[in-house]
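What follows is the content of work-v9.cif (mmCIF, C-alpha atoms).
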data_input
loop_
_atom_site.group_PDB
_atom_site.id
_atom_site.type_symbol
_atom_site.label_atom_id
_atom_site.label_comp_id
_atom_site.auth_asym_id
_atom_site.auth_seq_id
_atom_site.Cartn_x
_atom_site.Cartn_y
_atom_site.Cartn_z
ATOM 1 C CA ALA Y 1 167.571 98.940 80.919
ATOM 2 C CA MET Y 2 170.156 97.779 78.438
ATOM 3 C CA ALA Y 3 173.544 99.411 78.573
ATOM 4 C CA SER Y 4 175.187 100.383 75.324
ATOM 5 C CA THR Y 5 177.780 102.764 73.972
ATOM 6 C CA ALA Y 6 176.976 106.051 72.327
ATOM 7 C CA ARG Y 7 179.168 108.294 70.193
ATOM 8 C CA GLY Y 8 182.421 109.095 71.942
ATOM 9 C CA GLY Y 9 182.522 105.726 73.736
ATOM 10 C CA GLU Y 10 180.481 106.795 76.755
ATOM 11 C CA PRO Y 11 177.814 104.510 78.287
ATOM 12 C CA SER Y 12 174.267 105.468 77.373
ATOM 13 C CA SER Y 13 170.706 104.549 78.162
ATOM 14 C CA LEU Y 14 168.511 102.483 75.856
ATOM 15 C CA PRO Y 15 166.890 105.556 74.230
ATOM 16 C CA ALA Y 16 170.317 106.986 73.439
ATOM 17 C CA ALA Y 17 171.456 103.621 72.096
ATOM 18 C CA VAL Y 18 168.423 103.448 69.793
ATOM 19 C CA ALA Y 19 169.049 107.002 68.547
ATOM 20 C CA ASP Y 20 172.724 106.256 67.967
ATOM 21 C CA ALA Y 21 171.917 103.065 66.049
ATOM 22 C CA VAL Y 22 169.399 104.804 63.757
ATOM 23 C CA LEU Y 23 171.675 107.782 63.090
ATOM 24 C CA SER Y 24 174.644 105.506 62.406
ATOM 25 C CA LYS Y 25 172.625 103.387 59.973
ATOM 26 C CA TYR Y 26 171.453 106.500 58.127
ATOM 27 C CA ALA Y 27 175.006 107.859 57.973
ATOM 28 C CA SER Y 28 176.215 104.569 56.472
ATOM 29 C CA LEU Y 29 173.825 104.835 53.507
ATOM 30 C CA PRO Y 30 174.971 106.310 50.143
ATOM 31 C CA LYS Y 31 174.545 110.057 49.573
ATOM 32 C CA ASN Y 32 172.031 109.558 46.760
ATOM 33 C CA GLY Y 33 168.686 111.003 47.812
ATOM 34 C CA LYS Y 34 169.980 112.594 51.005
ATOM 35 C CA PRO Y 35 169.447 116.339 51.551
ATOM 36 C CA GLN Y 36 172.248 118.678 50.520
ATOM 37 C CA THR Y 37 173.730 121.363 52.748
ATOM 38 C CA HIS Y 38 170.957 123.854 51.927
ATOM 39 C CA GLU Y 39 168.166 121.275 52.273
ATOM 40 C CA TYR Y 40 166.251 119.886 55.233
ATOM 41 C CA THR Y 41 164.481 116.654 56.076
ATOM 42 C CA SER Y 42 163.296 114.588 59.020
ATOM 43 C CA LEU Y 43 164.522 111.086 59.898
ATOM 44 C CA ALA Y 44 162.580 108.273 61.583
ATOM 45 C CA GLY Y 45 163.594 104.707 62.243
ATOM 46 C CA PHE Y 46 162.637 101.512 64.041
ATOM 47 C CA ALA Y 47 165.104 99.334 65.925
ATOM 48 C CA LEU Y 48 164.729 96.020 67.750
ATOM 49 C CA THR Y 49 166.209 94.672 70.960
ATOM 50 C CA ASP Y 50 166.031 91.014 71.940
ATOM 51 C CA ASP Y 51 166.343 89.471 75.400
ATOM 52 C CA LEU Y 52 168.103 86.496 73.758
ATOM 53 C CA THR Y 53 171.005 88.859 73.020
ATOM 54 C CA PRO Y 54 170.858 91.378 75.898
ATOM 55 C CA ASP Y 55 174.342 92.784 75.285
ATOM 56 C CA ALA Y 56 173.823 93.421 71.576
ATOM 57 C CA PRO Y 57 173.095 96.980 70.385
ATOM 58 C CA PRO Y 58 169.675 97.778 68.928
ATOM 59 C CA VAL Y 59 169.240 96.438 65.383
ATOM 60 C CA VAL Y 60 167.830 98.967 62.922
ATOM 61 C CA VAL Y 61 165.217 97.351 60.665
ATOM 62 C CA ALA Y 62 163.447 100.326 59.049
ATOM 63 C CA LEU Y 63 164.259 103.915 58.112
ATOM 64 C CA GLY Y 64 162.343 106.758 56.499
ATOM 65 C CA THR Y 65 162.982 110.403 55.636
ATOM 66 C CA GLY Y 66 160.584 113.057 54.397
ATOM 67 C CA THR Y 67 158.392 116.027 55.245
ATOM 68 C CA LYS Y 68 155.897 116.167 52.339
ATOM 69 C CA CYS Y 69 152.409 114.896 51.590
ATOM 70 C CA LEU Y 70 149.959 115.247 48.702
ATOM 71 C CA GLY Y 71 147.061 117.652 48.721
ATOM 72 C CA ALA Y 72 143.636 116.059 48.962
ATOM 73 C CA ASP Y 73 142.935 117.002 45.331
ATOM 74 C CA ARG Y 74 145.934 114.946 44.149
ATOM 75 C CA ARG Y 75 145.158 111.709 45.955
ATOM 76 C CA CYS Y 76 144.825 108.706 43.670
ATOM 77 C CA PRO Y 77 141.510 106.804 44.077
ATOM 78 C CA GLU Y 78 143.266 103.609 42.954
ATOM 79 C CA GLY Y 79 145.956 103.988 45.602
ATOM 80 C CA LEU Y 80 148.780 104.370 43.069
ATOM 81 C CA ALA Y 81 150.239 107.527 44.634
ATOM 82 C CA LEU Y 82 151.656 107.735 48.149
ATOM 83 C CA ALA Y 83 149.732 110.475 49.960
ATOM 84 C CA ASP Y 84 151.804 110.756 53.148
ATOM 85 C CA SER Y 85 155.585 110.949 52.864
ATOM 86 C CA HIS Y 86 156.472 112.140 56.354
ATOM 87 C CA ALA Y 87 159.437 110.242 57.800
ATOM 88 C CA GLU Y 88 157.426 108.550 60.549
ATOM 89 C CA VAL Y 89 154.884 107.141 58.111
ATOM 90 C CA LEU Y 90 157.499 105.947 55.601
ATOM 91 C CA ALA Y 91 159.513 104.265 58.371
ATOM 92 C CA ARG Y 92 156.394 102.472 59.570
ATOM 93 C CA ARG Y 93 155.691 101.267 56.000
ATOM 94 C CA ALA Y 94 159.240 99.905 55.846
ATOM 95 C CA LEU Y 95 158.693 98.175 59.198
ATOM 96 C CA VAL Y 96 155.574 96.454 57.853
ATOM 97 C CA LEU Y 97 157.614 95.120 54.889
ATOM 98 C CA TYR Y 98 160.169 93.822 57.388
ATOM 99 C CA MET Y 99 157.358 92.058 59.274
ATOM 100 C CA TYR Y 100 156.256 90.331 56.062
ATOM 101 C CA ASP Y 101 159.829 89.112 55.526
ATOM 102 C CA GLU Y 102 159.986 87.799 59.091
ATOM 103 C CA ILE Y 103 156.695 85.932 58.655
ATOM 104 C CA ASP Y 104 158.113 84.393 55.452
ATOM 105 C CA ARG Y 105 161.111 83.220 57.477
ATOM 106 C CA LEU Y 106 158.793 81.703 60.068
ATOM 107 C CA VAL Y 107 156.783 79.865 57.415
ATOM 108 C CA ALA Y 108 159.934 78.603 55.682
ATOM 109 C CA ALA Y 109 161.342 77.298 58.950
ATOM 110 C CA GLY Y 110 158.179 75.450 59.965
ATOM 111 C CA ARG Y 111 156.516 75.297 63.347
ATOM 112 C CA THR Y 112 158.802 72.696 64.934
ATOM 113 C CA ARG Y 113 162.068 74.357 63.930
ATOM 114 C CA ALA Y 114 160.799 77.799 64.886
ATOM 115 C CA LEU Y 115 159.915 76.586 68.382
ATOM 116 C CA GLU Y 116 163.296 74.860 68.749
ATOM 117 C CA ASN Y 117 165.256 77.845 67.417
ATOM 118 C CA PRO Y 118 163.436 81.098 68.315
ATOM 119 C CA ARG Y 119 166.015 83.231 66.494
ATOM 120 C CA VAL Y 120 164.613 82.098 63.156
ATOM 121 C CA SER Y 121 162.178 85.037 63.257
ATOM 122 C CA ILE Y 122 160.971 87.829 65.502
ATOM 123 C CA PHE Y 123 157.623 86.008 65.438
ATOM 124 C CA ARG Y 124 156.668 82.700 66.983
ATOM 125 C CA PRO Y 125 153.912 80.292 65.883
ATOM 126 C CA GLU Y 126 150.701 80.141 67.841
ATOM 127 C CA ARG Y 127 147.903 77.571 67.816
ATOM 128 C CA SER Y 128 145.794 77.752 64.672
ATOM 129 C CA GLU Y 129 142.128 77.210 65.368
ATOM 130 C CA LYS Y 130 139.003 77.555 63.301
ATOM 131 C CA THR Y 131 136.581 80.297 64.257
ATOM 132 C CA ILE Y 132 133.421 78.611 65.559
ATOM 133 C CA VAL Y 133 130.105 80.467 65.378
ATOM 134 C CA GLY Y 134 126.943 78.675 66.505
ATOM 135 C CA GLY Y 135 128.578 75.266 66.285
ATOM 136 C CA ALA Y 136 129.707 75.797 62.671
ATOM 137 C CA ILE Y 137 133.000 76.942 61.198
ATOM 138 C CA ALA Y 138 132.480 80.539 60.087
ATOM 139 C CA ARG Y 139 133.703 81.000 56.511
ATOM 140 C CA ASP Y 140 136.468 78.484 57.208
ATOM 141 C CA ARG Y 141 138.763 81.238 58.486
ATOM 142 C CA THR Y 142 141.541 80.653 60.992
ATOM 143 C CA ARG Y 143 142.487 82.805 63.924
ATOM 144 C CA PRO Y 144 145.778 84.760 63.900
ATOM 145 C CA TRP Y 145 148.532 82.145 64.035
ATOM 146 C CA CYS Y 146 151.697 83.975 65.088
ATOM 147 C CA SER Y 147 152.749 86.627 67.594
ATOM 148 C CA LEU Y 148 155.779 88.745 68.379
ATOM 149 C CA ARG Y 149 158.271 86.571 70.203
ATOM 150 C CA PRO Y 150 158.541 87.345 73.955
ATOM 151 C CA GLY Y 151 161.608 89.445 74.674
ATOM 152 C CA VAL Y 152 161.592 91.217 71.307
ATOM 153 C CA ARG Y 153 160.926 94.936 71.685
ATOM 154 C CA VAL Y 154 160.295 97.522 68.988
ATOM 155 C CA HIS Y 155 161.690 101.034 69.481
ATOM 156 C CA MET Y 156 161.069 104.142 67.394
ATOM 157 C CA TYR Y 157 163.367 107.116 66.889
ATOM 158 C CA VAL Y 158 162.401 110.438 65.285
ATOM 159 C CA SER Y 159 164.904 113.237 64.730
ATOM 160 C CA GLN Y 160 162.381 115.896 65.796
ATOM 161 C CA SER Y 161 159.000 116.032 67.455
ATOM 162 C CA PRO Y 162 156.275 114.578 65.169
ATOM 163 C CA CYS Y 163 153.779 117.063 63.748
ATOM 164 C CA GLY Y 164 150.594 117.437 65.766
ATOM 165 C CA ASP Y 165 150.213 117.038 69.524
ATOM 166 C CA ALA Y 166 153.804 115.868 70.082
ATOM 167 C CA SER Y 167 155.046 119.292 68.927
ATOM 168 C CA ILE Y 168 152.820 121.243 71.322
ATOM 169 C CA TYR Y 169 154.535 121.952 74.604
ATOM 170 C CA LYS Y 170 155.085 124.932 76.853
ATOM 171 C CA ARG Y 171 158.000 127.243 76.206
ATOM 172 C CA ALA Y 172 160.926 126.415 78.469
ATOM 173 C CA GLN Y 173 161.970 129.261 80.741
ATOM 174 C CA THR Y 174 165.502 128.857 81.991
ATOM 175 C CA SER Y 175 167.570 131.565 83.586
ATOM 176 C CA ASP Y 176 170.882 132.456 81.951
ATOM 177 C CA ALA Y 177 173.548 132.489 84.676
ATOM 178 C CA THR Y 178 175.497 135.291 82.985
ATOM 179 C CA ASN Y 179 172.821 137.934 82.541
ATOM 180 C CA GLY Y 180 169.645 136.537 84.116
ATOM 181 C CA SER Y 181 167.776 136.574 80.804
ATOM 182 C CA ILE Y 182 165.330 133.925 79.674
ATOM 183 C CA ALA Y 183 166.795 131.461 77.182
ATOM 184 C CA ASN Y 184 164.408 130.588 74.354
ATOM 185 C CA PRO Y 185 164.536 127.114 72.789
ATOM 186 C CA ARG Y 186 165.195 126.611 69.073
ATOM 187 C CA VAL Y 187 162.133 127.196 66.909
ATOM 188 C CA ASN Y 188 160.498 124.042 65.557
ATOM 189 C CA LYS Y 189 160.891 124.037 61.768
ATOM 190 C CA ARG Y 190 157.398 122.617 61.314
ATOM 191 C CA ALA Y 191 155.820 125.510 63.220
ATOM 192 C CA LYS Y 192 155.282 127.673 60.161
ATOM 193 C CA THR Y 193 151.574 128.427 60.314
ATOM 194 C CA ALA Y 194 151.003 129.434 63.914
ATOM 195 C CA ALA Y 195 152.102 132.974 64.750
ATOM 196 C CA ASN Y 196 154.502 133.733 67.605
ATOM 197 C CA LEU Y 197 154.165 130.329 69.253
ATOM 198 C CA GLY Y 198 157.859 129.525 69.473
ATOM 199 C CA ALA Y 199 159.254 126.026 69.914
ATOM 200 C CA GLY Y 200 156.186 124.296 71.308
ATOM 201 C CA SER Y 201 153.841 124.539 68.362
ATOM 202 C CA THR Y 202 152.769 122.600 65.274
ATOM 203 C CA GLY Y 203 151.879 123.520 61.721
ATOM 204 C CA ALA Y 204 149.289 120.724 61.553
ATOM 205 C CA LYS Y 205 145.825 122.158 60.908
ATOM 206 C CA LEU Y 206 143.181 121.809 63.604
ATOM 207 C CA LEU Y 207 140.082 119.877 62.520
ATOM 208 C CA THR Y 208 137.100 121.913 63.662
ATOM 209 C CA GLY Y 209 134.486 119.168 63.346
ATOM 210 C CA ALA Y 210 132.483 121.190 60.848
ATOM 211 C CA PRO Y 211 131.111 119.420 57.746
ATOM 212 C CA GLY Y 212 133.536 118.922 54.882
ATOM 213 C CA GLY Y 213 136.618 118.510 57.053
ATOM 214 C CA ALA Y 214 137.048 122.231 57.761
ATOM 215 C CA THR Y 215 140.312 123.185 59.456
ATOM 216 C CA ASN Y 216 141.680 126.107 61.450
ATOM 217 C CA ALA Y 217 145.305 127.157 60.851
ATOM 218 C CA GLU Y 218 145.249 128.985 64.227
ATOM 219 C CA PHE Y 219 146.896 132.128 62.907
ATOM 220 C CA GLY Y 220 147.650 134.518 65.728
ATOM 221 C CA VAL Y 221 146.532 132.247 68.580
ATOM 222 C CA GLY Y 222 148.383 132.644 71.846
ATOM 223 C CA GLU Y 223 148.526 128.925 72.629
ATOM 224 C CA GLN Y 224 147.693 125.661 70.886
ATOM 225 C CA ARG Y 225 145.905 122.979 72.869
ATOM 226 C CA PRO Y 226 146.739 119.274 72.558
ATOM 227 C CA GLY Y 227 144.131 116.544 72.442
ATOM 228 C CA ALA Y 228 142.567 117.570 69.110
ATOM 229 C CA ALA Y 229 142.678 115.827 65.732
ATOM 230 C CA ARG Y 230 144.787 117.646 63.137
ATOM 231 C CA LEU Y 231 145.663 117.359 59.454
ATOM 232 C CA LYS Y 232 149.191 117.615 58.123
ATOM 233 C CA PRO Y 233 150.113 121.003 56.680
ATOM 234 C CA GLY Y 234 150.826 121.271 52.979
ATOM 235 C CA ARG Y 235 151.491 123.783 50.254
ATOM 236 C CA GLY Y 236 148.554 124.541 48.013
ATOM 237 C CA ALA Y 237 145.475 122.385 48.502
ATOM 238 C CA GLN Y 238 144.669 121.098 51.977
ATOM 239 C CA THR Y 239 145.860 117.572 52.706
ATOM 240 C CA SER Y 240 143.660 114.770 54.014
ATOM 241 C CA CYS Y 241 146.464 113.096 56.006
ATOM 242 C CA MET Y 242 146.171 113.002 59.784
ATOM 243 C CA SER Y 243 149.116 114.382 61.742
ATOM 244 C CA CYS Y 244 151.954 112.044 62.662
ATOM 245 C CA SER Y 245 151.009 112.396 66.338
ATOM 246 C CA ASP Y 246 147.471 111.207 65.575
ATOM 247 C CA LYS Y 247 148.775 108.281 63.515
ATOM 248 C CA MET Y 248 151.281 107.280 66.195
ATOM 249 C CA CYS Y 249 148.486 107.386 68.781
ATOM 250 C CA LYS Y 250 146.551 104.929 66.603
ATOM 251 C CA TRP Y 251 149.627 102.687 66.245
ATOM 252 C CA ASN Y 252 150.017 102.610 70.027
ATOM 253 C CA ALA Y 253 146.405 101.522 70.441
ATOM 254 C CA LEU Y 254 145.978 99.149 67.482
ATOM 255 C CA GLY Y 255 149.538 98.127 66.662
ATOM 256 C CA LEU Y 256 152.006 98.942 63.910
ATOM 257 C CA GLN Y 257 151.156 95.907 61.792
ATOM 258 C CA GLY Y 258 148.146 97.327 59.940
ATOM 259 C CA GLU Y 259 144.872 95.683 58.962
ATOM 260 C CA LEU Y 260 146.194 92.927 56.669
ATOM 261 C CA LEU Y 261 148.774 91.616 59.123
ATOM 262 C CA SER Y 262 146.227 91.785 61.942
ATOM 263 C CA SER Y 263 144.667 88.664 60.429
ATOM 264 C CA VAL Y 264 147.993 86.879 60.927
ATOM 265 C CA VAL Y 265 149.605 88.444 64.004
ATOM 266 C CA GLU Y 266 147.725 87.660 67.197
ATOM 267 C CA PHE Y 267 148.553 90.736 69.268
ATOM 268 C CA PRO Y 268 149.166 94.384 68.252
#
So that I can check it, write out the structure of this file as structure tokens.
Amino acid sequence: AMASTARGGEPSSLPAAVADAVLSKYASLPKNGKPQTHEYTSLAGFALTDDLTPDAPPVVVALGTGTKCLGADRRCPEGLALADSHAEVLARRALVLYMYDEIDRLVAAGRTRALENPRVSIFRPERSEKTIVGGAIARDRTRPWCSLRPGVRVHMYVSQSPCGDASIYKRAQTSDATNGSIANPRVNKRAKTAANLGAGSTGAKLLTGAPGGATNAEFGVGEQRPGAARLKPGRGAQTSCMSCSDKMCKWNALGLQGELLSSVVEFP
């Protein structure tokens, strides 16, 4: 693990260093667009560490804030309106833009220079080969030609548990030394639709599997169960955006780069 320094000058672990870096970067930004005292938002960010500079603090490359998303009836068929504006999703979009910039740097440097000086980009060039099918070149397409440079690691920070499965956990029961009472954790601000569930609950709507994308808001349930697909909550019309937990599960399996960059980047 990489040692770093957190607020107050005390040594911290890598997770704490990533959190400190993201929070510090956000604090350094202008006040325009930030929530006021009476307002609330969620913050997400991505930071990189590099084995070539093991003593350097994590470098923040993408940030996002937000808790809203459009109802399904307001989605734009032409893709001209952003449907999901939760912090995690916006931060991931910013990370993809950063990846495009890093690929541009790799292309500008050229294969030879990039191999001689790995710090040119977070990516490194790979062999470019034609895809051969039945002895012929299939549609003259090349295989992915770059990959994340070994030693570069991507870390994500979120200021609160993402909506969906990540927000479902059992209520902590800790004994108060002064009076022996049970201390209840702070209520999750996204847990607005499930009744009396406390801290370990989510407002994301359970997909029932019925035709038409029917959901269950789970009003009055005693306990929510993880492992089910859910839609983000929204005011008014139901959204068609999967929960942040579901999307992050997909990113873990398929990569953060998205479909377009998958044709360029060799590994997720």
Take atom CA of Gln160 of chain Y and atom CA of Thr37 of chain Y and report the distance between them in Å, one decimal.
->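 That distance, rounded to one decimal, is 18.1 Å.
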With a distance cut-off of 10 Å and only C-alpha atoms, select the neighbouring residues of Thr67 of chain Y, excluding the residue or stretch itself and same-chain residues fewer than 4 positions from it, and output the selection as a VMD selection string.
-> chain Y and resid 40 to 43 84 to 89 163 190 232 to 234
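Selection by the PyMOL selection byres ((chain Y and resi 240) around 7) on the present file picks out Gly71, Ala72, Leu231, Gln238, Thr239, Cys241 and Met242 of chain Y.
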The PyMOL selection byres ((chain Y and resi 144-150) around 12) resolved against shown file, as a PyMOL selection string = chain Y and resi 48-52+99-100+102-104+106-107+110-111+114-115+117-131+141-143+151-154+255-257+260-268
For the residues in that selection, give me C-alpha atoms as an mmCIF file, in the frame of the given file.
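Result saved to out_33.cif:
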data_model
loop_
_atom_site.group_PDB
_atom_site.id
_atom_site.type_symbol
_atom_site.label_atom_id
_atom_site.label_comp_id
_atom_site.auth_asym_id
_atom_site.auth_seq_id
_atom_site.Cartn_x
_atom_site.Cartn_y
_atom_site.Cartn_z
ATOM 1 C CA LEU Y 48 164.729 96.020 67.750
ATOM 2 C CA THR Y 49 166.209 94.672 70.960
ATOM 3 C CA ASP Y 50 166.031 91.014 71.940
ATOM 4 C CA ASP Y 51 166.343 89.471 75.400
ATOM 5 C CA LEU Y 52 168.103 86.496 73.758
ATOM 6 C CA MET Y 99 157.358 92.058 59.274
ATOM 7 C CA TYR Y 100 156.256 90.331 56.062
ATOM 8 C CA GLU Y 102 159.986 87.799 59.091
ATOM 9 C CA ILE Y 103 156.695 85.932 58.655
ATOM 10 C CA ASP Y 104 158.113 84.393 55.452
ATOM 11 C CA LEU Y 106 158.793 81.703 60.068
ATOM 12 C CA VAL Y 107 156.783 79.865 57.415
ATOM 13 C CA GLY Y 110 158.179 75.450 59.965
ATOM 14 C CA ARG Y 111 156.516 75.297 63.347
ATOM 15 C CA ALA Y 114 160.799 77.799 64.886
ATOM 16 C CA LEU Y 115 159.915 76.586 68.382
ATOM 17 C CA ASN Y 117 165.256 77.845 67.417
ATOM 18 C CA PRO Y 118 163.436 81.098 68.315
ATOM 19 C CA ARG Y 119 166.015 83.231 66.494
ATOM 20 C CA VAL Y 120 164.613 82.098 63.156
ATOM 21 C CA SER Y 121 162.178 85.037 63.257
ATOM 22 C CA ILE Y 122 160.971 87.829 65.502
ATOM 23 C CA PHE Y 123 157.623 86.008 65.438
ATOM 24 C CA ARG Y 124 156.668 82.700 66.983
ATOM 25 C CA PRO Y 125 153.912 80.292 65.883
ATOM 26 C CA GLU Y 126 150.701 80.141 67.841
ATOM 27 C CA ARG Y 127 147.903 77.571 67.816
ATOM 28 C CA SER Y 128 145.794 77.752 64.672
ATOM 29 C CA GLU Y 129 142.128 77.210 65.368
ATOM 30 C CA LYS Y 130 139.003 77.555 63.301
ATOM 31 C CA THR Y 131 136.581 80.297 64.257
ATOM 32 C CA ARG Y 141 138.763 81.238 58.486
ATOM 33 C CA THR Y 142 141.541 80.653 60.992
ATOM 34 C CA ARG Y 143 142.487 82.805 63.924
ATOM 35 C CA GLY Y 151 161.608 89.445 74.674
ATOM 36 C CA VAL Y 152 161.592 91.217 71.307
ATOM 37 C CA ARG Y 153 160.926 94.936 71.685
ATOM 38 C CA VAL Y 154 160.295 97.522 68.988
ATOM 39 C CA GLY Y 255 149.538 98.127 66.662
ATOM 40 C CA LEU Y 256 152.006 98.942 63.910
ATOM 41 C CA GLN Y 257 151.156 95.907 61.792
ATOM 42 C CA LEU Y 260 146.194 92.927 56.669
ATOM 43 C CA LEU Y 261 148.774 91.616 59.123
ATOM 44 C CA SER Y 262 146.227 91.785 61.942
ATOM 45 C CA SER Y 263 144.667 88.664 60.429
ATOM 46 C CA VAL Y 264 147.993 86.879 60.927
ATOM 47 C CA VAL Y 265 149.605 88.444 64.004
ATOM 48 C CA GLU Y 266 147.725 87.660 67.197
ATOM 49 C CA PHE Y 267 148.553 90.736 69.268
ATOM 50 C CA PRO Y 268 149.166 94.384 68.252
#
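Distances to Gly33 of chain Y were evaluated for Y:Gly66, Y:Leu97, Y:Lys247, Y:Val18 using all atoms listed in the file, and the minimum falls at Y:Gly66.
Between atom CA of Thr215 of chain Y and atom CA of Arg230 of chain Y the separation is 8.0 Å.
Take the candidates Y:Thr112, Y:Ala17, Y:Pro30, Y:Lys170 and check each one against Ala56 of chain Y using only C-alpha atoms; the shortest distance goes to Y:Ala17.
When the PyMOL selection byres ((chain Y and resi 208) around 12) is evaluated against the file, it yields Y:Lys205, Y:Leu206, Y:Leu207, Y:Gly209, Y:Ala210, Y:Pro211, Y:Gly212, Y:Gly213, Y:Ala214, Y:Thr215, Y:Asn216, Y:Ala217, Y:Glu218, Y:Ala228, Y:Ala229, Y:Arg230, Y:Leu231.
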Suppose you want the space between atom CA of Arg93 of chain Y and atom CA of Pro35 of chain Y; what is it in Å?
-> 20.9 Å
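Proximity to Ala166 of chain Y was assessed for Y:Pro15, Y:Pro54, Y:Gly220, Y:Gly203 counting all atoms listed in the file; the smallest distance is recorded for Y:Gly203.
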Write out as a VMD selection string each polymer residue whose atoms come within 9 Å of Ile168 of chain Y, counting only C-alpha atoms; drop sequence neighbours fewer than 4 positions from it.
-> chain Y and resid 161 163 to 164 199 to 202 223 to 226
